[in-house]
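Below is the file target-v4.cif, which contains mmCIF, C-alpha atoms.
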data_structure
#
loop_
_atom_site.label_atom_id
_atom_site.label_comp_id
_atom_site.auth_asym_id
_atom_site.auth_seq_id
_atom_site.Cartn_x
_atom_site.Cartn_y
_atom_site.Cartn_z
CA MET A 1388 29.75 41.65 34.42
CA SER A 1389 27.91 42.23 31.13
CA GLY A 1390 26.00 38.97 31.60
CA THR A 1391 24.90 40.04 35.07
CA LEU A 1392 23.71 43.42 33.83
CA ALA A 1393 21.86 41.87 30.90
CA LEU A 1394 20.08 39.52 33.30
CA ILE A 1395 19.04 42.43 35.51
CA GLY A 1396 17.55 44.29 32.58
CA ALA A 1397 15.82 41.21 31.19
CA SER A 1398 14.22 40.47 34.56
CA LEU A 1399 11.78 43.36 34.01
CA TYR A 1400 10.16 41.82 30.94
CA ASP A 1401 11.18 38.15 31.26
CA PRO A 1402 10.86 37.16 34.96
CA GLN A 1403 13.84 35.25 36.34
CA ASP A 1404 14.23 32.99 39.35
CA LYS A 1405 15.28 36.08 41.30
CA SER A 1406 13.60 39.48 41.30
CA ALA A 1407 15.19 42.58 39.85
CA ALA A 1408 15.73 43.87 43.38
CA GLU A 1409 17.51 40.68 44.43
CA LEU A 1410 19.67 40.72 41.32
CA ALA A 1411 20.50 44.39 41.86
CA ARG A 1412 21.47 43.76 45.49
CA GLU A 1413 23.71 40.84 44.52
CA ALA A 1414 25.35 42.92 41.80
CA LEU A 1415 26.06 45.75 44.24
CA GLU A 1416 27.55 43.32 46.74
CA GLY A 1417 29.66 41.88 43.91
CA GLY A 1418 31.15 45.29 43.20
CA VAL A 1419 29.11 46.32 40.16
CA PRO A 1420 28.76 50.14 40.10
CA ALA A 1421 25.27 51.36 40.95
CA LEU A 1422 25.14 53.56 37.84
CA ASP A 1423 25.83 50.54 35.62
CA ILE A 1424 22.92 48.73 37.23
CA VAL A 1425 20.66 51.74 36.63
CA ASP A 1426 21.67 51.71 32.97
CA ALA A 1427 20.78 48.01 32.76
CA LEU A 1428 17.40 48.61 34.36
CA SER A 1429 16.77 51.56 32.03
CA ALA A 1430 17.46 49.33 29.03
CA GLY A 1431 15.14 46.71 30.47
CA ILE A 1432 12.25 49.10 31.05
CA THR A 1433 12.70 50.48 27.52
CA GLU A 1434 12.46 46.96 26.12
CA LEU A 1435 9.40 46.32 28.28
CA GLY A 1436 7.71 49.40 26.86
CA LYS A 1437 8.60 48.39 23.30
CA ARG A 1438 7.16 44.92 23.75
CA PHE A 1439 4.02 46.40 25.27
CA GLU A 1440 3.66 48.83 22.36
CA ASP A 1441 4.15 45.93 19.91
CA MET A 1442 1.51 43.91 21.84
CA GLU A 1443 3.99 41.17 22.71
CA LEU A 1444 3.31 41.89 26.38
CA PHE A 1445 0.20 43.23 28.07
CA LEU A 1446 -0.89 45.56 30.86
CA PRO A 1447 -0.30 43.09 33.74
CA ASP A 1448 3.26 42.53 32.42
CA LEU A 1449 3.80 46.30 32.24
CA MET A 1450 2.57 46.76 35.81
CA MET A 1451 4.69 43.93 37.17
CA GLY A 1452 7.78 45.19 35.36
CA GLY A 1453 7.20 48.70 36.67
CA LYS A 1454 6.82 47.44 40.24
CA ALA A 1455 10.00 45.37 39.89
CA MET A 1456 11.82 48.46 38.64
CA GLN A 1457 10.68 50.53 41.61
CA GLU A 1458 11.81 47.85 44.05
CA ALA A 1459 15.22 47.62 42.39
CA MET A 1460 15.62 51.42 42.52
CA GLU A 1461 14.84 51.35 46.25
CA VAL A 1462 17.81 48.99 46.64
CA LEU A 1463 20.06 51.21 44.53
CA THR A 1464 19.16 54.68 45.83
CA PRO A 1465 21.31 54.59 49.00
CA ALA A 1466 24.31 53.49 46.95
CA LEU A 1467 23.66 56.20 44.38
CA GLU A 1468 23.43 58.85 47.08
CA ALA A 1469 26.63 57.61 48.68
CA GLN A 1470 28.38 57.61 45.31
CA ALA A 1471 27.30 61.21 44.75
CA GLY A 1472 29.08 62.05 47.97
CA GLY A 1473 26.83 64.96 48.69
CA GLU A 1474 28.72 67.19 46.28
CA ALA A 1475 26.76 70.31 45.44
CA ALA A 1476 26.85 71.86 42.01
CA GLN A 1477 28.29 75.34 41.69
CA LYS A 1478 24.79 76.45 40.76
CA LYS A 1479 21.60 74.67 41.74
CA VAL A 1480 20.17 73.65 38.39
CA LYS A 1481 16.37 73.43 38.24
CA ILE A 1482 14.41 71.28 35.84
CA VAL A 1483 10.80 70.35 35.15
CA VAL A 1484 10.34 66.76 33.95
CA GLY A 1485 7.28 64.95 32.67
CA ASN A 1486 5.95 62.51 30.12
CA LEU A 1487 4.62 63.97 26.90
CA GLU A 1488 0.90 64.05 26.21
CA GLY A 1489 -0.39 60.58 25.37
CA ASP A 1490 2.31 58.76 27.36
CA ILE A 1491 1.12 57.42 30.72
CA HIS A 1492 4.27 55.53 31.71
CA ASP A 1493 5.86 56.62 34.99
CA ILE A 1494 8.86 54.42 35.63
CA GLY A 1495 11.44 55.84 33.22
CA ARG A 1496 10.63 59.41 34.20
CA ASP A 1497 10.77 58.55 37.89
CA ILE A 1498 14.19 56.97 37.41
CA LEU A 1499 15.34 60.13 35.67
CA ALA A 1500 14.02 62.30 38.50
CA THR A 1501 15.86 60.15 41.04
CA MET A 1502 19.13 60.32 39.13
CA LEU A 1503 18.84 64.09 38.69
CA ARG A 1504 18.26 64.61 42.42
CA VAL A 1505 21.19 62.35 43.25
CA GLY A 1506 23.24 64.52 40.88
CA GLY A 1507 22.36 67.65 42.86
CA ILE A 1508 19.68 68.98 40.51
CA ASP A 1509 16.41 70.43 41.78
CA VAL A 1510 13.59 68.49 40.10
CA LEU A 1511 9.88 69.20 39.67
CA ASN A 1512 8.33 65.92 38.48
CA ILE A 1513 4.96 66.81 36.93
CA GLY A 1514 3.87 63.31 36.00
CA ASN A 1515 2.60 61.75 32.80
CA ASN A 1516 0.33 62.77 29.92
CA VAL A 1517 1.46 66.40 30.26
CA LYS A 1518 0.27 69.00 27.74
CA ALA A 1519 2.82 71.26 26.06
CA ASP A 1520 1.64 74.44 27.74
CA THR A 1521 1.78 72.80 31.16
CA PHE A 1522 5.50 72.07 30.78
CA ILE A 1523 6.14 75.74 30.06
CA ASP A 1524 3.80 77.07 32.74
CA LYS A 1525 5.47 74.91 35.39
CA ALA A 1526 8.95 75.91 34.21
CA GLU A 1527 7.95 79.57 34.54
CA GLU A 1528 6.54 79.00 38.03
CA MET A 1529 9.64 77.10 39.16
CA GLY A 1530 12.16 79.44 37.56
CA ALA A 1531 13.61 76.39 35.87
CA ASP A 1532 16.73 76.19 33.75
CA ALA A 1533 15.56 73.22 31.70
CA ILE A 1534 12.53 71.23 30.60
CA GLY A 1535 12.85 67.45 30.39
CA LEU A 1536 10.49 65.61 28.03
CA SER A 1537 10.15 61.84 28.42
CA SER A 1538 8.51 59.50 25.93
CA LEU A 1539 8.23 55.75 25.74
CA LEU A 1540 5.65 55.82 22.92
CA THR A 1541 6.32 57.04 19.40
CA THR A 1542 2.75 58.35 19.22
CA SER A 1543 3.59 60.99 21.82
CA LEU A 1544 6.67 62.35 20.04
CA PRO A 1545 4.85 65.04 18.01
CA TYR A 1546 4.02 66.77 21.27
CA ALA A 1547 7.73 67.39 21.84
CA ARG A 1548 7.65 69.55 18.73
CA ASP A 1549 4.65 71.33 20.22
CA VAL A 1550 6.65 72.23 23.34
CA VAL A 1551 9.48 73.69 21.26
CA GLY A 1552 7.03 75.50 18.99
CA LEU A 1553 5.09 76.93 21.92
CA LEU A 1554 8.29 78.21 23.51
CA GLU A 1555 8.99 80.08 20.29
CA ALA A 1556 5.43 81.40 20.08
CA ARG A 1557 5.65 82.71 23.63
CA GLY A 1558 9.01 84.38 23.05
CA LEU A 1559 10.82 81.99 25.37
CA THR A 1560 13.19 80.27 22.95
CA GLY A 1561 16.59 80.04 24.61
CA LYS A 1562 15.28 80.66 28.11
CA TYR A 1563 15.06 76.93 28.82
CA LYS A 1564 17.21 74.06 27.67
CA VAL A 1565 14.90 71.36 26.30
CA VAL A 1566 16.07 67.79 26.86
CA VAL A 1567 14.31 64.75 25.41
CA GLY A 1568 14.77 61.09 26.23
CA GLY A 1569 13.03 57.74 26.64
CA GLY A 1570 12.55 54.58 24.66
CA ALA A 1571 10.83 56.31 21.73
CA VAL A 1572 13.43 59.05 21.33
CA THR A 1573 16.56 59.08 19.17
CA LYS A 1574 19.35 61.62 18.89
CA GLU A 1575 18.23 62.30 15.33
CA PHE A 1576 14.77 63.24 16.55
CA ALA A 1577 16.21 65.46 19.30
CA ASP A 1578 18.42 67.20 16.74
CA SER A 1579 15.47 67.71 14.40
CA ILE A 1580 13.55 69.75 17.00
CA GLY A 1581 16.60 71.57 18.37
CA ALA A 1582 16.62 69.73 21.69
CA LEU A 1583 19.33 68.03 23.71
CA TYR A 1584 19.30 64.23 23.98
CA GLY A 1585 19.71 62.03 27.04
CA SER A 1586 20.18 58.44 25.92
CA THR A 1587 19.82 57.13 29.49
CA ALA A 1588 18.84 58.55 32.88
CA VAL A 1589 22.52 58.51 33.86
CA SER A 1590 23.75 60.32 30.75
CA ALA A 1591 20.92 62.86 30.99
CA VAL A 1592 22.35 64.15 34.27
CA ASP A 1593 25.64 65.01 32.58
CA VAL A 1594 23.88 66.50 29.54
CA ILE A 1595 21.75 68.79 31.71
CA LYS A 1596 24.62 69.87 33.95
CA GLU A 1597 26.85 70.61 30.98
CA ALA A 1598 24.10 72.65 29.30
CA CYS A 1599 22.99 74.60 32.37
CA LEU A 1600 26.13 75.21 34.44
#
Reformat the file's structure so that it appears as structure tokens.
Amino acid sequence: MSGTLALIGASLYDPQDKSAAELAREALEGGVPALDIVDALSAGITELGKRFEDMELFLPDLMMGGKAMQEAMEVLTPALEAQAGGEAAQKKVKIVVGNLEGDIHDIGRDILATMLRVGGIDVLNIGNNVKADTFIDKAEEMGADAIGLSSLLTTSLPYARDVVGLLEARGLTGKYKVVVGGGAVTKEFADSIGALYGSTAVSAVDVIKEACL
């Protein structure tokens, strides 16, 4: 199974004979859990972003990999929804998610939003290149429980500190759980700014539920 999952992830940055969607469909039919396939795709899109940042791959590669990811997620979403079984959380958790200022990548954040919704969480996806004050303003408008910060680029990480600092400046520390994740983020960085860490889109669902319920 590990070889199959590795191939699925690699297909996003190193095109195979079959598309990511085809490989995902075959894996599902072969009994591979949908969440495992999502994890493989998440690893693949992270590697794609890293290679783009290191200039090993270029914008057309990034666009093709992103499109392949979207197509694979379309294959997986029905299985993910069925696996969730329609179970509702005891409390409807609400979260605002977006990419930090300077990061224009959509795919990882969109995967996260999909997984959160499948997990019964109410999601406001506010897009990419989001300023610190916008995260907080939208959380206030939504009545959110948490703010999710996504980053695929290390250059955008300082803006995560800005979000935490602005919460403190506005007297809102503790009102929202702040969760960070994405290819540029490590647990050490999350700890350093007092935020929670979601290593993958799948694990982030559990982290947010545990923190907010």
### Non-local contacts of A:Ser1579 (12 Å; only C-alpha atoms; under 3 positions in same chain excluded) as a ChimeraX atom specification
/A:1544-1545,1547-1548,1551,1567,1572-1576,1582-1584
What are the closest atom pairs, with distances in Å to one decimal, for each residue of stretch 1447-1548 of chain A lying within 9 Å of stretch 1419-1431 of chain A, using only C-alpha atoms, rows by chain and rising residue number, as a tab-separated table?
residue	atom	partner	partner_atom	distance
A:Gly1452	CA	A:Gly1431	CA	9.0
A:Met1456	CA	A:Leu1428	CA	7.0
A:Ala1459	CA	A:Leu1428	CA	8.4
A:Met1460	CA	A:Val1425	CA	7.8
A:Leu1463	CA	A:Ala1421	CA	6.3
A:Thr1464	CA	A:Ala1421	CA	8.5
A:Ala1466	CA	A:Ala1421	CA	6.4
A:Leu1467	CA	A:Ala1421	CA	6.1
A:Gln1470	CA	A:Ala1421	CA	8.2
A:Gly1495	CA	A:Ser1429	CA	6.9
A:Ile1498	CA	A:Ser1429	CA	8.1
Name the residues that the PyMOL selection byres ((chain A and resi 1532) around 7) pulls out of this structure, and write them as a tab-separated table (two decimals) with C-alpha atoms, in the frame of the given file.
chain	number	residue	atom	x	y	z
A	1480	VAL	CA	20.17	73.65	38.39
A	1481	LYS	CA	16.37	73.43	38.24
A	1482	ILE	CA	14.41	71.28	35.84
A	1530	GLY	CA	12.16	79.44	37.56
A	1531	ALA	CA	13.61	76.39	35.87
A	1533	ALA	CA	15.56	73.22	31.70
A	1563	TYR	CA	15.06	76.93	28.82
A	1564	LYS	CA	17.21	74.06	27.67
A	1599	CYS	CA	22.99	74.60	32.37
### Message
Could you list, as an MDAnalysis selection string, every residue matched by the PyMOL selection byres ((chain A and resi 1587) around 8) in this structure?
### Response
chainID A and resid 1426 1429 1568:1569 1585:1586 1588:1591
Kindly compute an axis-aligned box around the listed atoms of stretch 1497-1500 of chain A, allowing 3 Å on each side, and express its centre and edge lengths in Å to one decimal as lines of an AutoDock Vina configuration file.
center_x = 13.1
center_y = 59.6
center_z = 37.1
size_x = 10.6
size_y = 11.3
size_z = 8.8
Leaving out A:Ile1432 and any residue of its chain fewer than 4 positions from it, which residues lie within 12 Å of it when counting only C-alpha atoms, given as an mmCIF file with C-alpha atoms, in the frame of the given file?
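The result, stored in part21.cif:
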data_model
loop_
_atom_site.group_PDB
_atom_site.id
_atom_site.type_symbol
_atom_site.label_atom_id
_atom_site.label_comp_id
_atom_site.auth_asym_id
_atom_site.auth_seq_id
_atom_site.Cartn_x
_atom_site.Cartn_y
_atom_site.Cartn_z
ATOM 1 C CA ILE A 1395 19.040 42.430 35.510
ATOM 2 C CA GLY A 1396 17.550 44.290 32.580
ATOM 3 C CA ALA A 1397 15.820 41.210 31.190
ATOM 4 C CA SER A 1398 14.220 40.470 34.560
ATOM 5 C CA LEU A 1399 11.780 43.360 34.010
ATOM 6 C CA TYR A 1400 10.160 41.820 30.940
ATOM 7 C CA ASP A 1401 11.180 38.150 31.260
ATOM 8 C CA ALA A 1407 15.190 42.580 39.850
ATOM 9 C CA VAL A 1425 20.660 51.740 36.630
ATOM 10 C CA ASP A 1426 21.670 51.710 32.970
ATOM 11 C CA ALA A 1427 20.780 48.010 32.760
ATOM 12 C CA LEU A 1428 17.400 48.610 34.360
ATOM 13 C CA GLY A 1436 7.710 49.400 26.860
ATOM 14 C CA LYS A 1437 8.600 48.390 23.300
ATOM 15 C CA ARG A 1438 7.160 44.920 23.750
ATOM 16 C CA PHE A 1439 4.020 46.400 25.270
ATOM 17 C CA ASP A 1448 3.260 42.530 32.420
ATOM 18 C CA LEU A 1449 3.800 46.300 32.240
ATOM 19 C CA MET A 1450 2.570 46.760 35.810
ATOM 20 C CA MET A 1451 4.690 43.930 37.170
ATOM 21 C CA GLY A 1452 7.780 45.190 35.360
ATOM 22 C CA GLY A 1453 7.200 48.700 36.670
ATOM 23 C CA LYS A 1454 6.820 47.440 40.240
ATOM 24 C CA ALA A 1455 10.000 45.370 39.890
ATOM 25 C CA MET A 1456 11.820 48.460 38.640
ATOM 26 C CA GLN A 1457 10.680 50.530 41.610
ATOM 27 C CA ALA A 1459 15.220 47.620 42.390
ATOM 28 C CA HIS A 1492 4.270 55.530 31.710
ATOM 29 C CA ASP A 1493 5.860 56.620 34.990
ATOM 30 C CA ILE A 1494 8.860 54.420 35.630
ATOM 31 C CA GLY A 1495 11.440 55.840 33.220
ATOM 32 C CA ARG A 1496 10.630 59.410 34.200
ATOM 33 C CA ASP A 1497 10.770 58.550 37.890
ATOM 34 C CA ILE A 1498 14.190 56.970 37.410
ATOM 35 C CA LEU A 1539 8.230 55.750 25.740
ATOM 36 C CA GLY A 1569 13.030 57.740 26.640
ATOM 37 C CA GLY A 1570 12.550 54.580 24.660
ATOM 38 C CA ALA A 1571 10.830 56.310 21.730
ATOM 39 C CA THR A 1587 19.820 57.130 29.490
ATOM 40 C CA ALA A 1588 18.840 58.550 32.880
#
### Message
as number ranges by chain, please: the residues near A:Tyr1546 (cut-off 7 Å, all atoms listed in the file, same-chain neighbours under 6 positions excluded).
### Response
A: 1487-1488, 1519
#### Entry: Å distance separating atom CA of A:Ile1580 from atom CA of A:Asp1490, one decimal place
18.8 Å
#### Entry: Gap from atom CA of A:Val1484 to atom CA of A:Val1510 - Å, one decimal
7.2 Å
### Task
Considering only C-alpha atoms, state which residue in the set A:Ile1523, A:Val1592, A:Ile1508, A:Ala1577 is at the smallest distance from A:Gly1558.
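Result for the nearest residue to A:Gly1558: A:Ile1523.
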### Task
Measure the distance from atom CA of A:Ala1414 to atom CA of A:Leu1392 in Å and round it to one decimal.
8.2 Å
### Message
So that I can check the surroundings of A:Asn1515, please list as a ChimeraX atom specification every protein, DNA and RNA residue that reaches within 6 Å of it, counting all atoms listed in the file and ignoring chain neighbours fewer than 4 positions away.
### Response
/A:1485-1486,1491
